[in-house]
>>> print(open('target13.txt').read())   # compact mmCIF, N, CA and C atoms
# COMPACT_ATOMS: atom_id res chain seq x y z
N MET I 572 0.84 -1.16 0.00
CA MET I 572 0.00 0.00 0.00
C MET I 572 0.90 1.23 0.00
N LEU I 573 0.54 2.18 -0.83
CA LEU I 573 1.30 3.43 -0.87
C LEU I 573 1.11 4.19 0.43
N SER I 574 2.14 4.91 0.84
CA SER I 574 2.05 5.69 2.08
C SER I 574 0.95 6.73 1.98
N GLU I 575 0.73 7.26 0.78
CA GLU I 575 -0.33 8.25 0.58
C GLU I 575 -1.70 7.64 0.84
N THR I 576 -1.90 6.40 0.39
CA THR I 576 -3.17 5.71 0.62
C THR I 576 -3.38 5.49 2.11
N ALA I 577 -2.34 5.03 2.80
CA ALA I 577 -2.44 4.80 4.24
C ALA I 577 -2.76 6.10 4.97
N ALA I 578 -2.14 7.20 4.57
CA ALA I 578 -2.37 8.48 5.22
C ALA I 578 -3.81 8.95 5.03
N VAL I 579 -4.31 8.89 3.81
CA VAL I 579 -5.68 9.32 3.54
C VAL I 579 -6.67 8.44 4.30
N CYS I 580 -6.45 7.14 4.28
CA CYS I 580 -7.34 6.22 5.00
C CYS I 580 -7.31 6.51 6.50
N GLY I 581 -6.15 6.82 7.03
CA GLY I 581 -6.04 7.14 8.44
C GLY I 581 -6.83 8.39 8.81
N VAL I 582 -6.73 9.42 7.97
CA VAL I 582 -7.44 10.67 8.23
C VAL I 582 -8.96 10.45 8.15
N LEU I 583 -9.39 9.66 7.16
CA LEU I 583 -10.82 9.44 6.96
C LEU I 583 -11.38 8.33 7.84
N GLY I 584 -10.50 7.58 8.51
CA GLY I 584 -10.95 6.49 9.37
C GLY I 584 -11.56 5.34 8.60
N ILE I 585 -10.95 4.99 7.46
CA ILE I 585 -11.48 3.90 6.64
C ILE I 585 -10.46 2.78 6.49
N ASP I 586 -10.96 1.62 6.16
CA ASP I 586 -10.13 0.43 5.98
C ASP I 586 -9.64 0.38 4.54
N PRO I 587 -8.34 0.45 4.28
CA PRO I 587 -7.84 0.44 2.91
C PRO I 587 -8.17 -0.86 2.16
N LEU I 588 -8.42 -1.95 2.89
CA LEU I 588 -8.78 -3.20 2.22
C LEU I 588 -10.19 -3.15 1.64
N GLY I 589 -10.96 -2.13 2.01
CA GLY I 589 -12.31 -1.98 1.49
C GLY I 589 -12.42 -1.00 0.34
N LEU I 590 -11.28 -0.53 -0.17
CA LEU I 590 -11.29 0.41 -1.28
C LEU I 590 -11.31 -0.31 -2.62
N ILE I 591 -12.01 0.27 -3.57
CA ILE I 591 -11.95 -0.24 -4.94
C ILE I 591 -10.55 0.05 -5.46
N GLY I 592 -9.94 -0.91 -6.11
CA GLY I 592 -8.58 -0.73 -6.65
C GLY I 592 -8.60 -0.22 -8.07
N SER I 593 -9.19 0.94 -8.30
CA SER I 593 -9.26 1.49 -9.65
C SER I 593 -7.86 1.61 -10.24
N GLY I 594 -7.69 1.04 -11.40
CA GLY I 594 -6.40 1.08 -12.08
C GLY I 594 -5.45 -0.01 -11.63
N ALA I 595 -5.89 -0.85 -10.69
CA ALA I 595 -5.04 -1.93 -10.19
C ALA I 595 -5.44 -3.25 -10.84
N LEU I 596 -4.49 -4.14 -10.96
CA LEU I 596 -4.74 -5.47 -11.50
C LEU I 596 -4.15 -6.48 -10.53
N LEU I 597 -4.98 -7.37 -10.05
CA LEU I 597 -4.55 -8.43 -9.14
C LEU I 597 -4.38 -9.70 -9.96
N VAL I 598 -3.19 -10.29 -9.90
CA VAL I 598 -2.87 -11.47 -10.70
C VAL I 598 -2.48 -12.61 -9.78
N ALA I 599 -3.10 -13.78 -9.98
CA ALA I 599 -2.70 -15.00 -9.27
C ALA I 599 -1.87 -15.82 -10.24
N THR I 600 -0.69 -16.22 -9.81
CA THR I 600 0.24 -16.93 -10.69
C THR I 600 1.05 -17.94 -9.89
N PRO I 601 1.41 -19.06 -10.52
CA PRO I 601 2.25 -20.03 -9.82
C PRO I 601 3.72 -19.61 -9.72
N ASP I 602 4.13 -18.59 -10.49
CA ASP I 602 5.52 -18.14 -10.48
C ASP I 602 5.55 -16.62 -10.37
N ALA I 603 5.48 -16.11 -9.14
CA ALA I 603 5.38 -14.67 -8.91
C ALA I 603 6.58 -13.91 -9.47
N ALA I 604 7.78 -14.43 -9.28
CA ALA I 604 8.98 -13.72 -9.74
C ALA I 604 8.99 -13.59 -11.26
N ARG I 605 8.68 -14.66 -11.95
CA ARG I 605 8.67 -14.63 -13.42
C ARG I 605 7.59 -13.68 -13.95
N THR I 606 6.41 -13.73 -13.36
CA THR I 606 5.33 -12.84 -13.77
C THR I 606 5.69 -11.39 -13.50
N ALA I 607 6.25 -11.10 -12.34
CA ALA I 607 6.64 -9.74 -11.98
C ALA I 607 7.69 -9.20 -12.95
N GLN I 608 8.66 -10.02 -13.31
CA GLN I 608 9.69 -9.59 -14.26
C GLN I 608 9.08 -9.25 -15.61
N ALA I 609 8.15 -10.07 -16.08
CA ALA I 609 7.53 -9.84 -17.38
C ALA I 609 6.73 -8.53 -17.37
N ILE I 610 6.02 -8.26 -16.30
CA ILE I 610 5.23 -7.04 -16.21
C ILE I 610 6.15 -5.83 -16.08
N ALA I 611 7.18 -5.93 -15.25
CA ALA I 611 8.10 -4.81 -15.02
C ALA I 611 8.87 -4.43 -16.27
N ARG I 612 9.11 -5.39 -17.16
CA ARG I 612 9.83 -5.08 -18.42
C ARG I 612 9.11 -4.00 -19.23
N ASP I 613 7.80 -3.90 -19.06
CA ASP I 613 7.03 -2.88 -19.77
C ASP I 613 6.91 -1.58 -18.98
N GLY I 614 7.69 -1.47 -17.90
CA GLY I 614 7.71 -0.23 -17.12
C GLY I 614 6.53 -0.10 -16.17
N ILE I 615 5.86 -1.20 -15.90
CA ILE I 615 4.70 -1.18 -15.01
C ILE I 615 5.15 -1.58 -13.61
N ARG I 616 4.74 -0.78 -12.62
CA ARG I 616 5.09 -1.09 -11.24
C ARG I 616 4.36 -2.36 -10.82
N VAL I 617 5.08 -3.26 -10.18
CA VAL I 617 4.50 -4.53 -9.75
C VAL I 617 5.00 -4.87 -8.35
N GLU I 618 4.12 -5.41 -7.54
CA GLU I 618 4.47 -5.80 -6.17
C GLU I 618 3.84 -7.15 -5.87
N GLU I 619 4.56 -8.00 -5.18
CA GLU I 619 3.98 -9.23 -4.67
C GLU I 619 3.35 -8.87 -3.33
N ILE I 620 2.04 -9.13 -3.19
CA ILE I 620 1.34 -8.70 -1.99
C ILE I 620 0.90 -9.83 -1.09
N GLY I 621 1.05 -11.06 -1.52
CA GLY I 621 0.63 -12.15 -0.66
C GLY I 621 0.66 -13.48 -1.36
N GLN I 622 0.16 -14.47 -0.67
CA GLN I 622 0.12 -15.83 -1.19
C GLN I 622 -1.23 -16.45 -0.86
N PHE I 623 -1.68 -17.35 -1.75
CA PHE I 623 -2.86 -18.13 -1.44
C PHE I 623 -2.43 -19.31 -0.58
N VAL I 624 -3.15 -19.52 0.49
CA VAL I 624 -2.87 -20.65 1.37
C VAL I 624 -4.18 -21.37 1.67
N PRO I 625 -4.13 -22.66 1.94
CA PRO I 625 -5.36 -23.43 2.18
C PRO I 625 -5.90 -23.24 3.59
N ARG I 626 -6.37 -22.02 3.88
CA ARG I 626 -6.95 -21.72 5.20
C ARG I 626 -8.14 -20.80 5.00
N ASN I 627 -8.72 -20.40 6.11
CA ASN I 627 -9.81 -19.42 6.05
C ASN I 627 -9.29 -18.11 5.50
N ARG I 628 -10.20 -17.23 5.10
CA ARG I 628 -9.82 -15.92 4.57
C ARG I 628 -9.34 -15.04 5.72
N LEU I 629 -8.04 -14.81 5.75
CA LEU I 629 -7.43 -14.01 6.81
C LEU I 629 -6.49 -12.99 6.20
N VAL I 630 -6.29 -11.92 6.92
CA VAL I 630 -5.25 -10.96 6.59
C VAL I 630 -4.39 -10.82 7.83
N VAL I 631 -3.10 -10.65 7.64
CA VAL I 631 -2.19 -10.49 8.78
C VAL I 631 -1.87 -9.01 8.91
N ARG I 632 -2.23 -8.44 10.07
CA ARG I 632 -1.94 -7.03 10.37
C ARG I 632 -1.18 -6.98 11.69
N ASP I 633 -0.02 -6.37 11.64
CA ASP I 633 0.81 -6.25 12.85
C ASP I 633 1.01 -7.60 13.53
N GLY I 634 1.19 -8.64 12.72
CA GLY I 634 1.46 -9.97 13.23
C GLY I 634 0.24 -10.73 13.73
N ARG I 635 -0.94 -10.13 13.63
CA ARG I 635 -2.17 -10.80 14.08
C ARG I 635 -3.01 -11.21 12.88
N GLU I 636 -3.59 -12.41 12.94
CA GLU I 636 -4.48 -12.87 11.88
C GLU I 636 -5.89 -12.36 12.16
N ILE I 637 -6.46 -11.67 11.17
CA ILE I 637 -7.79 -11.08 11.31
C ILE I 637 -8.66 -11.63 10.17
N PRO I 638 -9.91 -12.03 10.46
CA PRO I 638 -10.78 -12.52 9.39
C PRO I 638 -10.97 -11.45 8.31
N LEU I 639 -10.92 -11.87 7.06
CA LEU I 639 -11.12 -10.97 5.93
C LEU I 639 -12.52 -11.19 5.40
N THR I 640 -13.38 -10.21 5.60
CA THR I 640 -14.75 -10.32 5.13
C THR I 640 -14.98 -9.30 4.02
N PRO I 641 -15.74 -9.66 2.99
CA PRO I 641 -16.00 -8.71 1.90
C PRO I 641 -16.77 -7.50 2.44
N PRO I 642 -16.38 -6.30 2.03
CA PRO I 642 -17.10 -5.11 2.50
C PRO I 642 -18.48 -5.03 1.83
N ALA I 643 -19.44 -4.45 2.54
CA ALA I 643 -20.78 -4.26 1.98
C ALA I 643 -20.74 -3.23 0.85
N ALA I 644 -19.86 -2.25 0.97
CA ALA I 644 -19.71 -1.20 -0.04
C ALA I 644 -18.27 -0.70 0.02
N ASP I 645 -17.85 -0.08 -1.07
CA ASP I 645 -16.51 0.52 -1.11
C ASP I 645 -16.38 1.55 0.00
N GLU I 646 -15.26 1.53 0.70
CA GLU I 646 -15.04 2.43 1.82
C GLU I 646 -15.12 3.90 1.43
N LEU I 647 -14.58 4.25 0.27
CA LEU I 647 -14.61 5.65 -0.16
C LEU I 647 -16.04 6.11 -0.37
N TRP I 648 -16.87 5.28 -1.00
CA TRP I 648 -18.28 5.66 -1.21
C TRP I 648 -19.00 5.79 0.14
N ARG I 649 -18.66 4.93 1.08
CA ARG I 649 -19.26 5.00 2.41
C ARG I 649 -18.95 6.36 3.06
N VAL I 650 -17.71 6.81 2.95
CA VAL I 650 -17.31 8.09 3.54
C VAL I 650 -18.00 9.25 2.80
N LEU I 651 -18.06 9.17 1.49
CA LEU I 651 -18.71 10.23 0.73
C LEU I 651 -20.19 10.33 1.07
N ALA I 652 -20.86 9.21 1.26
CA ALA I 652 -22.27 9.21 1.65
C ALA I 652 -22.45 9.80 3.04
N ARG I 653 -21.51 9.52 3.93
CA ARG I 653 -21.55 10.04 5.29
C ARG I 653 -21.43 11.56 5.31
N GLU I 654 -20.61 12.10 4.38
CA GLU I 654 -20.36 13.53 4.32
C GLU I 654 -21.47 14.29 3.60
N ALA I 655 -22.32 13.60 2.85
CA ALA I 655 -23.37 14.27 2.04
C ALA I 655 -24.50 14.77 2.90
>>> encode(input="target13.txt", output="structure tokens")
Amino acid sequence: MLSETAAVCGVLGIDPLGLIGSGALLVATPDAARTAQAIARDGIRVEEIGQFVPRNRLVVRDGREIPLTPPAADELWRVLAREA
């Protein structure tokens, strides 16, 4: 996550995992390094953000496993509706 995203989410009090990733592409691949190299060759920023594991849907934050539940709505839209 970009530091700018974290900062904005902190100010607005929203969960960055609930944001729509406009302009982002999430790719699942058996060879992350090879895929990242191929994408980066075209000058596109690429990051490995995690791995699929055979467990419940969890996210690790500050070393703690937290259940990952789909948001009811995009966090940004929720904040905009609150401010309207």
>>> select_by_dssp(input="target13.txt", residues="chain I", states="helix (DSSP H, G or I)", output="MDAnalysis selection string")
chainID I and resid 574:583 587:589 603:611 646:654
>>> select_by_dssp(input="target13.txt", residues="stretch 575-651 of chain I", states="strand (DSSP E)", output="mmCIF file with N, CA and C atoms, in the frame of the given file")
data_model
loop_
_atom_site.group_PDB
_atom_site.id
_atom_site.type_symbol
_atom_site.label_atom_id
_atom_site.label_comp_id
_atom_site.auth_asym_id
_atom_site.auth_seq_id
_atom_site.Cartn_x
_atom_site.Cartn_y
_atom_site.Cartn_z
ATOM 1 N N LEU I 629 -8.040 -14.810 5.750
ATOM 2 C CA LEU I 629 -7.430 -14.010 6.810
ATOM 3 C C LEU I 629 -6.490 -12.990 6.200
ATOM 4 N N VAL I 630 -6.290 -11.920 6.920
ATOM 5 C CA VAL I 630 -5.250 -10.960 6.590
ATOM 6 C C VAL I 630 -4.390 -10.820 7.830
ATOM 7 N N VAL I 631 -3.100 -10.650 7.640
ATOM 8 C CA VAL I 631 -2.190 -10.490 8.780
ATOM 9 C C VAL I 631 -1.870 -9.010 8.910
ATOM 10 N N ARG I 632 -2.230 -8.440 10.070
ATOM 11 C CA ARG I 632 -1.940 -7.030 10.370
ATOM 12 C C ARG I 632 -1.180 -6.980 11.690
ATOM 13 N N ARG I 635 -0.940 -10.130 13.630
ATOM 14 C CA ARG I 635 -2.170 -10.800 14.080
ATOM 15 C C ARG I 635 -3.010 -11.210 12.880
ATOM 16 N N GLU I 636 -3.590 -12.410 12.940
ATOM 17 C CA GLU I 636 -4.480 -12.870 11.880
ATOM 18 C C GLU I 636 -5.890 -12.360 12.160
ATOM 19 N N ILE I 637 -6.460 -11.670 11.170
ATOM 20 C CA ILE I 637 -7.790 -11.080 11.310
ATOM 21 C C ILE I 637 -8.660 -11.630 10.170
ATOM 22 N N PRO I 638 -9.910 -12.030 10.460
ATOM 23 C CA PRO I 638 -10.780 -12.520 9.390
ATOM 24 C C PRO I 638 -10.970 -11.450 8.310
#
>>> atom_distance(input="target13.txt", atom1="atom CA of I:Arg628", atom2="atom N of I:Thr640")
6.8 Å
>>> residues_around(input="target13.txt", residues="I:Leu590", least_positions_apart="3", cutoff="8 Å", atoms="all atoms listed in the file", output="MDAnalysis selection string")
chainID I and resid 585:587 593 642 644:648
>>> atom_distance(input="target13.txt", atom1="atom CA of I:Ala604", atom2="atom CA of I:Ala578")
29.1 Å
>>> closest_residue(input="target13.txt", among="I:Leu583, I:Leu639, I:Ile615, I:Gln622", to="I:Asp602", atoms="only C-alpha atoms")
I:Gln622
>>> atom_distance(input="target13.txt", atom1="atom CA of I:Arg653", atom2="atom CA of I:Pro641")
19.8 Å
>>> residues_near_point(input="target13.txt", point="(-2.3, -7.7, -14.3)", cutoff="12 Å", atoms="only C-alpha atoms", output="ChimeraX atom specification")
/I:594-600,603,606-607,609-611,613,615-619
>>> closest_residue(input="target13.txt", among="I:Arg612, I:Asp633, I:Ala643, I:Ile620", to="I:Ile591", atoms="only C-alpha atoms")
I:Ala643
